[in-house]
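The structure appears below as structure tokens.
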2 protein chains.
Amino acid sequence: MKTTLWAIGLAVWSIRVTRSQTNLGWDVLLDVSGQGARHEQLARALRKAIRDGVLGQGTALPPSRKLADDLSCSRWVVTQAYAQLVAEGYLVARTGSATRVSWSGVSDRSVPPLPVPMPPRYDLAPGLPDLRAFPRQRWADALREALSSAPYTDLGVPVRGGHPRLRAVLAEYLRRCRGAATEDVWISAGVCSGVTLVSRALHAAGITQIAMEEPGWQRVRQAAEGAGLTVISVPVDAEGLCVDQIPDGVRAVIVTPAHQFPSGVVLSPARRAALLAWARTADGLILEDDYDAEFRYDRSPVGTVQGMDPRRVVLFGSVSKTLSPALGIGWCVIPPQWTQAIRAANPVAAAPPVLDQLALAIFIEQGAYDRYLRAARLRYRSRRDTLVSALANVSGAAAGLHLLLHLDCDAAAVVQRAAANGLKVVDLDYYRTTPGDPALVLGYGNTADSSLPEAIDVLKAALRASRHD
Amino acid sequence: MKTTLWAIGLAVWSIRVTRSQTNLGWDVLLDVSGQGARHEQLARALRKAIRDGVLGQGTALPPSRKLADDLSCSRWVVTQAYAQLVAEGYLVARTGSATRVSWSGVSDRSVPPLPVPMPPRYDLAPGLPDLRAFPRQRWADALREALSSAPYTDLGVPVRGGHPRLRAVLAEYLRRCRGAATEDVWISAGVCSGVTLVSRALHAAGITQIAMEEPGWQRVRQAAEGAGLTVISVPVDAEGLCVDQIPDGVRAVIVTPAHQFPSGVVLSPARRAALLAWARTADGLILEDDYDAEFRYDRSPVGTVQGMDPRRVVLFGSVSKTLSPALGIGWCVIPPQWTQAIRAANPVAAAPPVLDQLALAIFIEQGAYDRYLRAARLRYRSRRDTLVSALANVSGAAAGLHLLLHLDCDAAAVVQRAAANGLKVVDLDYYRTTPGDPALVLGYGNTADSSLPEAIDVLKAALRASRHD
């Protein structure tokens, strides 16, 4: 019977100790319920009442025997709960005197959670690969294999710079597919994390300025700035970064040679040579963001600049634009003479979770990554062809996940009109520090194939309407 | 026949173009093999030869027809490979002239990979939970469920501060099990990452000093220092941090109230009150590292200080000491008035990989975390009891994953002798900025139960021998 009562009480046990039931002059609802042992439930209820200010500082609590009677529990439950809250500083107990509240409640008002943005109906914003096509089954298999095959020591603190297995697999991959020289591959959480690591080392070495393509990817800019560097914008023309406009005295530059974001140009052979000559003359370091390099539709992808002078170039890459940014795995290939400085400037930099690193290693080793990229290339190419044939005045190499649409009307107006009809597109000005010729950056990575024609219709309607403003 | 030759060639295709075979005056072995199409293989071989300096700058390559003959391939293969390397800047092609090498090789000498330390035979170093007992199967199940149930939008860029599902699950967990007030739970890569986030915000707010327990966990110290803060050591006595020794003017402090690392003391009720009073008087911020809080063997774990004044305390926790540091998931509960500053000071801080966050949410939701902790608590308690009964002069609350062994001989000598016999133990001085009374920090989290008696024997022998020095 007693047990049955307890069982019921565990679910809904809440008691009201009214003024009339006690001689303590307090009136409170203790919600003694929830998970855990009974004394834990009581401690939680008392803690909450004190915190909420229901039990004010100095309030005497009833003797344990009395409260135990009121709650139909053993005295031990009450003394345990009291002792717990004494240890936590909410109560004080003095021999021969009542246990009293020794804490004045601080109300912790609720902060409304940040709203999670709804995905747009049609998404032509750049920056994402095809999330609908993420190889869930194969990735789950790779994770399970990682979990079942990793020695227990792999579950310890992740090794600085990444798991040796993934480092070796990526070194081979980057040599084979990206023409990179891969002595020292570090695993990072992505390109921005990698740029942060290197920027901190530059800053520690007294290099306070870094040149960057204008227009360019603003999160990379923020990463460099977050590490204390001043970012100097250098224009991009049809051949890529205008290397001769890097100001004197600047000793570091961030570039996207394979497929510039967002202009879509590929760094020309002459500019590649000029960039490397600059690095030698200025004793400079080139931060090569190997953006979009896996996707080239008209020829083999251009190899990395890093492969031409691995002592002058840090190569950055990730799976964020090939598989998913949710995986949080990237890499950087670091010139040997910078390794020590980067370690020293980032004493607590964490490698990505080990199981994810192992899963990626397995995914690449088994050929699943190459197969996935081949299939993705076909999809993206077809989307790009659809956009190019539907829209006049686009530019950008036959590569990557985005192109530029040049406008003869106000870009902001087009963005707004498109948004009103459920289409997300991004103004090129978003990636520039000073506004320029009107254009949109159209990304086709994360667009549903079935809705692409409708998205184009919405975009064309927005263009027509904006021309008549 | 031609096809068969090609098929063989794809596996072992390597050709030697000797001085006698060409009129170009060069002698080189091109290793044309490996994965990819034939022109990619040839491009890779030429790139390597240029990079290695085998083909020096200015070297004229054979006409495409000639090389195609030598290689028994189509002329298209050669022109494609040449075009690729022209685009990459390794070659220049001028009409009416030979294609020439336009790049001088930079030899990239190999850097030996960092040695991976072998695990010791007996491990009594602190800092790790029981890696052998990691719930691989249940974690794999949680990952698979995350992968199969997440909407595709969850595979986009991780939301700043963490996935809403894990934030909600942890908020409930921390309220229930840690007596925390949980308005704004952020997901981080671990305690050190969280301390970095907050330390940067402190620095940006003009707070340049932070007090920290001495002895203390040096990686947390490095995290604060890495964010530009000066760390001021404040001693720990039998009641925990000596709050009255925090110097005037210091406005931030890092503490481990639930179970101080490495001394093992629990912050006393009086000190908890003093710490909160300090925060109010000094307008200070308390960084509460909820270290080891899940494991208390004599009573319920003491609730967080954060729960008593959530506007003055940032609460940090992680699964690194409960499940595994390889998972790279932690959290911080941030006072609302600091949220904006922390966002601003960490513009590119990445949340952990989304699938791992979802897996942890599922793991907790399903009760697997609570069950695992209950089982782990029994194992750790038994190991602690074994150590306490075998060794004289140990201290530290009946909690956590470590205890202190006080010595009457040189600690470094004991560490060395133990290491010589395969046992890893750590000198307390490792966690102090100035040496003090000799002691070892013994961790029993990652010790194999079966080898614990042998480990104790090795330790005792080292102690005996060192006493006779």
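Ordered as shown in the structure tokens, chains take letters A, B, and onward, while each chain numbers its residues from 1 and ligands are numbered from 1 in the order shown.
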Applying 10 Å and only C-alpha atoms, which residues near Ala279 in chain A remain after dropping the ones on its own chain fewer than 3 positions away? List them as a PDB file with all heavy atoms, in the first residue's frame.
ATOM      1  N   ARG A 251      52.754  40.596 -46.588  1.00  0.00           N
ATOM      2  CA  ARG A 251      53.521  39.354 -46.706  1.00  0.00           C
ATOM      3  C   ARG A 251      52.659  38.104 -46.645  1.00  0.00           C
ATOM      4  O   ARG A 251      53.174  36.994 -46.442  1.00  0.00           O
ATOM      5  CB  ARG A 251      54.606  39.314 -45.640  1.00  0.00           C
ATOM      6  CG  ARG A 251      55.753  40.293 -45.944  1.00  0.00           C
ATOM      7  CD  ARG A 251      56.855  40.180 -44.943  1.00  0.00           C
ATOM      8  NE  ARG A 251      57.276  38.810 -44.779  1.00  0.00           N
ATOM      9  CZ  ARG A 251      57.855  38.325 -43.668  1.00  0.00           C
ATOM     10  NH1 ARG A 251      58.061  39.129 -42.650  1.00  0.00           N
ATOM     11  NH2 ARG A 251      58.211  37.061 -43.594  1.00  0.00           N
ATOM     12  N   ALA A 252      51.350  38.285 -46.815  1.00  0.00           N
ATOM     13  CA  ALA A 252      50.470  37.107 -46.853  1.00  0.00           C
ATOM     14  C   ALA A 252      49.272  37.444 -47.723  1.00  0.00           C
ATOM     15  O   ALA A 252      48.850  38.601 -47.802  1.00  0.00           O
ATOM     16  CB  ALA A 252      50.021  36.733 -45.447  1.00  0.00           C
ATOM     17  N   VAL A 253      48.751  36.417 -48.407  1.00  0.00           N
ATOM     18  CA  VAL A 253      47.603  36.648 -49.285  1.00  0.00           C
ATOM     19  C   VAL A 253      46.733  35.386 -49.305  1.00  0.00           C
ATOM     20  O   VAL A 253      47.253  34.270 -49.260  1.00  0.00           O
ATOM     21  CB  VAL A 253      48.066  37.024 -50.716  1.00  0.00           C
ATOM     22  CG1 VAL A 253      48.909  35.906 -51.328  1.00  0.00           C
ATOM     23  CG2 VAL A 253      46.888  37.335 -51.628  1.00  0.00           C
ATOM     24  N   ALA A 273      52.145  32.270 -62.025  1.00  0.00           N
ATOM     25  CA  ALA A 273      53.593  32.510 -61.976  1.00  0.00           C
ATOM     26  C   ALA A 273      53.888  33.803 -61.224  1.00  0.00           C
ATOM     27  O   ALA A 273      54.817  33.868 -60.403  1.00  0.00           O
ATOM     28  CB  ALA A 273      54.155  32.562 -63.391  1.00  0.00           C
ATOM     29  N   ALA A 274      53.073  34.838 -61.491  1.00  0.00           N
ATOM     30  CA  ALA A 274      53.303  36.123 -60.822  1.00  0.00           C
ATOM     31  C   ALA A 274      53.106  35.997 -59.315  1.00  0.00           C
ATOM     32  O   ALA A 274      53.838  36.585 -58.518  1.00  0.00           O
ATOM     33  CB  ALA A 274      52.348  37.177 -61.392  1.00  0.00           C
ATOM     34  N   LEU A 275      52.105  35.207 -58.943  1.00  0.00           N
ATOM     35  CA  LEU A 275      51.815  35.038 -57.517  1.00  0.00           C
ATOM     36  C   LEU A 275      52.993  34.370 -56.807  1.00  0.00           C
ATOM     37  O   LEU A 275      53.424  34.793 -55.725  1.00  0.00           O
ATOM     38  CB  LEU A 275      50.543  34.194 -57.360  1.00  0.00           C
ATOM     39  CG  LEU A 275      50.018  33.996 -55.945  1.00  0.00           C
ATOM     40  CD1 LEU A 275      49.612  35.328 -55.321  1.00  0.00           C
ATOM     41  CD2 LEU A 275      48.836  33.026 -55.943  1.00  0.00           C
ATOM     42  N   LEU A 276      53.536  33.327 -57.442  1.00  0.00           N
ATOM     43  CA  LEU A 276      54.666  32.635 -56.827  1.00  0.00           C
ATOM     44  C   LEU A 276      55.911  33.515 -56.819  1.00  0.00           C
ATOM     45  O   LEU A 276      56.704  33.487 -55.870  1.00  0.00           O
ATOM     46  CB  LEU A 276      54.915  31.309 -57.553  1.00  0.00           C
ATOM     47  CG  LEU A 276      53.836  30.268 -57.242  1.00  0.00           C
ATOM     48  CD1 LEU A 276      53.850  29.134 -58.252  1.00  0.00           C
ATOM     49  CD2 LEU A 276      54.021  29.722 -55.821  1.00  0.00           C
ATOM     50  N   ALA A 282      58.689  38.862 -51.908  1.00  0.00           N
ATOM     51  CA  ALA A 282      58.224  39.514 -50.680  1.00  0.00           C
ATOM     52  C   ALA A 282      58.438  38.644 -49.456  1.00  0.00           C
ATOM     53  O   ALA A 282      58.077  39.041 -48.356  1.00  0.00           O
ATOM     54  CB  ALA A 282      56.742  39.854 -50.830  1.00  0.00           C
ATOM     55  N   ASP A 283      59.029  37.454 -49.645  1.00  0.00           N
ATOM     56  CA  ASP A 283      59.098  36.463 -48.570  1.00  0.00           C
ATOM     57  C   ASP A 283      57.701  36.257 -47.996  1.00  0.00           C
ATOM     58  O   ASP A 283      57.491  36.312 -46.777  1.00  0.00           O
ATOM     59  CB  ASP A 283      60.084  36.890 -47.485  1.00  0.00           C
ATOM     60  CG  ASP A 283      60.351  35.747 -46.505  1.00  0.00           C
ATOM     61  OD1 ASP A 283      60.091  34.577 -46.861  1.00  0.00           O
ATOM     62  OD2 ASP A 283      60.798  36.033 -45.375  1.00  0.00           O
ATOM     63  N   GLY A 284      56.760  36.055 -48.894  1.00  0.00           N
ATOM     64  CA  GLY A 284      55.353  36.000 -48.492  1.00  0.00           C
ATOM     65  C   GLY A 284      54.811  34.594 -48.414  1.00  0.00           C
ATOM     66  O   GLY A 284      55.422  33.633 -48.901  1.00  0.00           O
ATOM     67  N   LEU A 285      53.665  34.479 -47.774  1.00  0.00           N
ATOM     68  CA  LEU A 285      52.989  33.195 -47.660  1.00  0.00           C
ATOM     69  C   LEU A 285      51.654  33.287 -48.407  1.00  0.00           C
ATOM     70  O   LEU A 285      50.898  34.233 -48.234  1.00  0.00           O
ATOM     71  CB  LEU A 285      52.750  32.844 -46.192  1.00  0.00           C
ATOM     72  CG  LEU A 285      52.232  31.434 -45.908  1.00  0.00           C
ATOM     73  CD1 LEU A 285      53.289  30.387 -46.245  1.00  0.00           C
ATOM     74  CD2 LEU A 285      51.825  31.292 -44.441  1.00  0.00           C
ATOM     75  N   ILE A 286      51.400  32.287 -49.255  1.00  0.00           N
ATOM     76  CA  ILE A 286      50.146  32.228 -50.011  1.00  0.00           C
ATOM     77  C   ILE A 286      49.204  31.257 -49.312  1.00  0.00           C
ATOM     78  O   ILE A 286      49.572  30.109 -49.063  1.00  0.00           O
ATOM     79  CB  ILE A 286      50.410  31.744 -51.455  1.00  0.00           C
ATOM     80  CG1 ILE A 286      51.326  32.735 -52.179  1.00  0.00           C
ATOM     81  CG2 ILE A 286      49.101  31.550 -52.215  1.00  0.00           C
ATOM     82  CD1 ILE A 286      51.931  32.173 -53.460  1.00  0.00           C
ATOM     83  N   ASP A 309      55.080  25.232 -55.323  1.00  0.00           N
ATOM     84  CA  ASP A 309      56.047  25.748 -54.360  1.00  0.00           C
ATOM     85  C   ASP A 309      55.538  25.506 -52.938  1.00  0.00           C
ATOM     86  O   ASP A 309      55.070  26.421 -52.263  1.00  0.00           O
ATOM     87  CB  ASP A 309      56.301  27.243 -54.587  1.00  0.00           C
ATOM     88  CG  ASP A 309      57.564  27.702 -53.862  1.00  0.00           C
ATOM     89  OD1 ASP A 309      58.060  26.934 -53.001  1.00  0.00           O
ATOM     90  OD2 ASP A 309      58.044  28.808 -54.137  1.00  0.00           O
ATOM     91  N   ARG A 311      56.782  25.320 -50.210  1.00  0.00           N
ATOM     92  CA  ARG A 311      57.338  26.062 -49.073  1.00  0.00           C
ATOM     93  C   ARG A 311      56.724  27.450 -48.944  1.00  0.00           C
ATOM     94  O   ARG A 311      56.935  28.134 -47.943  1.00  0.00           O
ATOM     95  CB  ARG A 311      58.864  26.190 -49.207  1.00  0.00           C
ATOM     96  CG  ARG A 311      59.578  24.845 -49.066  1.00  0.00           C
ATOM     97  CD  ARG A 311      61.091  25.028 -49.092  1.00  0.00           C
ATOM     98  NE  ARG A 311      61.568  25.815 -47.982  1.00  0.00           N
ATOM     99  CZ  ARG A 311      61.783  25.324 -46.753  1.00  0.00           C
ATOM    100  NH1 ARG A 311      61.538  24.065 -46.501  1.00  0.00           N
ATOM    101  NH2 ARG A 311      62.234  26.106 -45.801  1.00  0.00           N
ATOM    102  N   ARG A 312      56.014  27.870 -49.966  1.00  0.00           N
ATOM    103  CA  ARG A 312      55.460  29.224 -49.973  1.00  0.00           C
ATOM    104  C   ARG A 312      53.944  29.235 -49.874  1.00  0.00           C
ATOM    105  O   ARG A 312      53.338  30.302 -49.885  1.00  0.00           O
ATOM    106  CB  ARG A 312      55.842  29.937 -51.285  1.00  0.00           C
ATOM    107  CG  ARG A 312      57.321  30.119 -51.490  1.00  0.00           C
ATOM    108  CD  ARG A 312      57.822  31.267 -50.672  1.00  0.00           C
ATOM    109  NE  ARG A 312      59.272  31.433 -50.825  1.00  0.00           N
ATOM    110  CZ  ARG A 312      60.001  32.166 -49.993  1.00  0.00           C
ATOM    111  NH1 ARG A 312      59.439  32.789 -48.973  1.00  0.00           N
ATOM    112  NH2 ARG A 312      61.289  32.269 -50.165  1.00  0.00           N
ATOM    113  N   VAL A 313      53.328  28.060 -49.892  1.00  0.00           N
ATOM    114  CA  VAL A 313      51.868  27.992 -49.985  1.00  0.00           C
ATOM    115  C   VAL A 313      51.304  27.084 -48.901  1.00  0.00           C
ATOM    116  O   VAL A 313      51.827  25.999 -48.669  1.00  0.00           O
ATOM    117  CB  VAL A 313      51.433  27.439 -51.371  1.00  0.00           C
ATOM    118  CG1 VAL A 313      49.913  27.501 -51.519  1.00  0.00           C
ATOM    119  CG2 VAL A 313      52.122  28.187 -52.502  1.00  0.00           C
TER     120      VAL A 313
END
Spatial neighbours of range 422-431 of chain B, 6 Å, only C-alpha atoms, chain gap at least 4 places, as a list in words
Pro120, Arg121, Tyr122, Asp123, Leu124, Ala125, Pro215, Gly216, Ala411, Val415, Ala418, Pro435, Ala439, Leu440 and Val441 of chain B
Could you give me, as a PyMOL selection string, the residues within 12 Å of Ile364 in chain B, counting only C-alpha atoms and dropping anything in the same chain fewer than 3 positions from it?
chain B and resi 138-139+142+165-174+319+323+357-361+367-373
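Taking only C-alpha atoms, the non-local environment of Ala133 in chain B within 10 Å (same-chain residues fewer than 5 positions away omitted) comprises A:Tyr152, B:Leu323, B:Ser324, B:Tyr372, B:Ala375, B:Ala376, B:Asn446, B:Ala448.
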Helix (DSSP H, G or I) positions in range 402-456 of chain B, given as a PyMOL selection string:
chain B and resi 411-420+428-431+449-456
Range 65-168 of chain B: which residues are strand (DSSP E) by DSSP, as a PyMOL selection string?
chain B and resi 91-92+100-101+122-123
Now that the selection is made, can you save its residues with N, CA and C atoms as a CSV table (one decimal), in the first residue's frame?
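Wrote selection.csv, looks like this:
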chain,number,residue,atom,x,y,z
B,91,LEU,N,54.0,24.6,-67.7
B,91,LEU,CA,54.5,24.7,-69.1
B,91,LEU,C,54.1,26.0,-69.7
B,92,VAL,N,54.8,26.4,-70.8
B,92,VAL,CA,54.3,27.4,-71.7
B,92,VAL,C,54.3,26.9,-73.1
B,100,ARG,N,57.5,24.4,-73.5
B,100,ARG,CA,58.7,24.3,-72.6
B,100,ARG,C,58.3,24.4,-71.2
B,101,VAL,N,59.2,23.8,-70.3
B,101,VAL,CA,59.0,23.9,-68.9
B,101,VAL,C,59.2,25.3,-68.5
B,122,TYR,N,50.5,0.0,-18.0
B,122,TYR,CA,49.6,0.3,-16.9
B,122,TYR,C,49.4,1.8,-16.9
B,123,ASP,N,48.1,2.3,-17.0
B,123,ASP,CA,47.9,3.7,-17.1
B,123,ASP,C,47.2,4.3,-15.9
10 Å contact set for Asp298 in chain A, only C-alpha atoms, chain neighbours under 3 positions out, as a ChimeraX atom specification:
/A:295,301,381,397-399
Select, from A:Pro269, A:Gln222, A:Asp52, A:Ile232, the residue with the minimum atom-to-atom distance to Ala181 in chain B, counting only C-alpha atoms.
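Among the listed residues, the smallest separation from Ala181 in chain B belongs to A:Asp52.
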Polymer residues at most 6 Å from Glu288 in chain B, only C-alpha atoms, same-chain spacing of 5 or more positions, as number ranges by chain
B: 255-256, 314-316
Could you dump the residues just selected with N, CA and C atoms as an mmCIF file, in the first residue's frame?
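Result file follows (result29.cif):
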data_model
loop_
_atom_site.group_PDB
_atom_site.id
_atom_site.type_symbol
_atom_site.label_atom_id
_atom_site.label_comp_id
_atom_site.auth_asym_id
_atom_site.auth_seq_id
_atom_site.Cartn_x
_atom_site.Cartn_y
_atom_site.Cartn_z
ATOM 1 N N VAL B 255 37.087 28.169 -11.953
ATOM 2 C CA VAL B 255 37.070 27.251 -10.807
ATOM 3 C C VAL B 255 36.464 25.907 -11.195
ATOM 4 N N THR B 256 36.818 24.869 -10.386
ATOM 5 C CA THR B 256 36.236 23.533 -10.546
ATOM 6 C C THR B 256 35.571 23.159 -9.220
ATOM 7 N N VAL B 314 29.446 31.387 -15.860
ATOM 8 C CA VAL B 314 29.372 30.586 -17.077
ATOM 9 C C VAL B 314 29.669 29.152 -16.666
ATOM 10 N N LEU B 315 28.804 28.241 -17.044
ATOM 11 C CA LEU B 315 28.988 26.832 -16.693
ATOM 12 C C LEU B 315 29.547 26.075 -17.891
ATOM 13 N N PHE B 316 30.622 25.327 -17.673
ATOM 14 C CA PHE B 316 31.229 24.537 -18.748
ATOM 15 C C PHE B 316 31.143 23.049 -18.424
#
Need the shell around range 67-83 of chain A: protein/DNA/RNA residues with any atom at most 7 Å away, counting only C-alpha atoms. Skip same-chain ones fewer than 6 positions apart. Format as a ChimeraX atom specification?
/A:15,38-40,42-43
Can you work out which one of B:Ala412, B:Ala87, B:Leu229, B:Ile254 has the shortest atom-to-atom distance to chain A, counting only C-alpha atoms?
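Of the candidates, the smallest distance to chain A is held by B:Ala87.
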CA of Pro151 in chain A to CA of Ser188 in chain A: how many Å, to one decimal?
22.0 Å
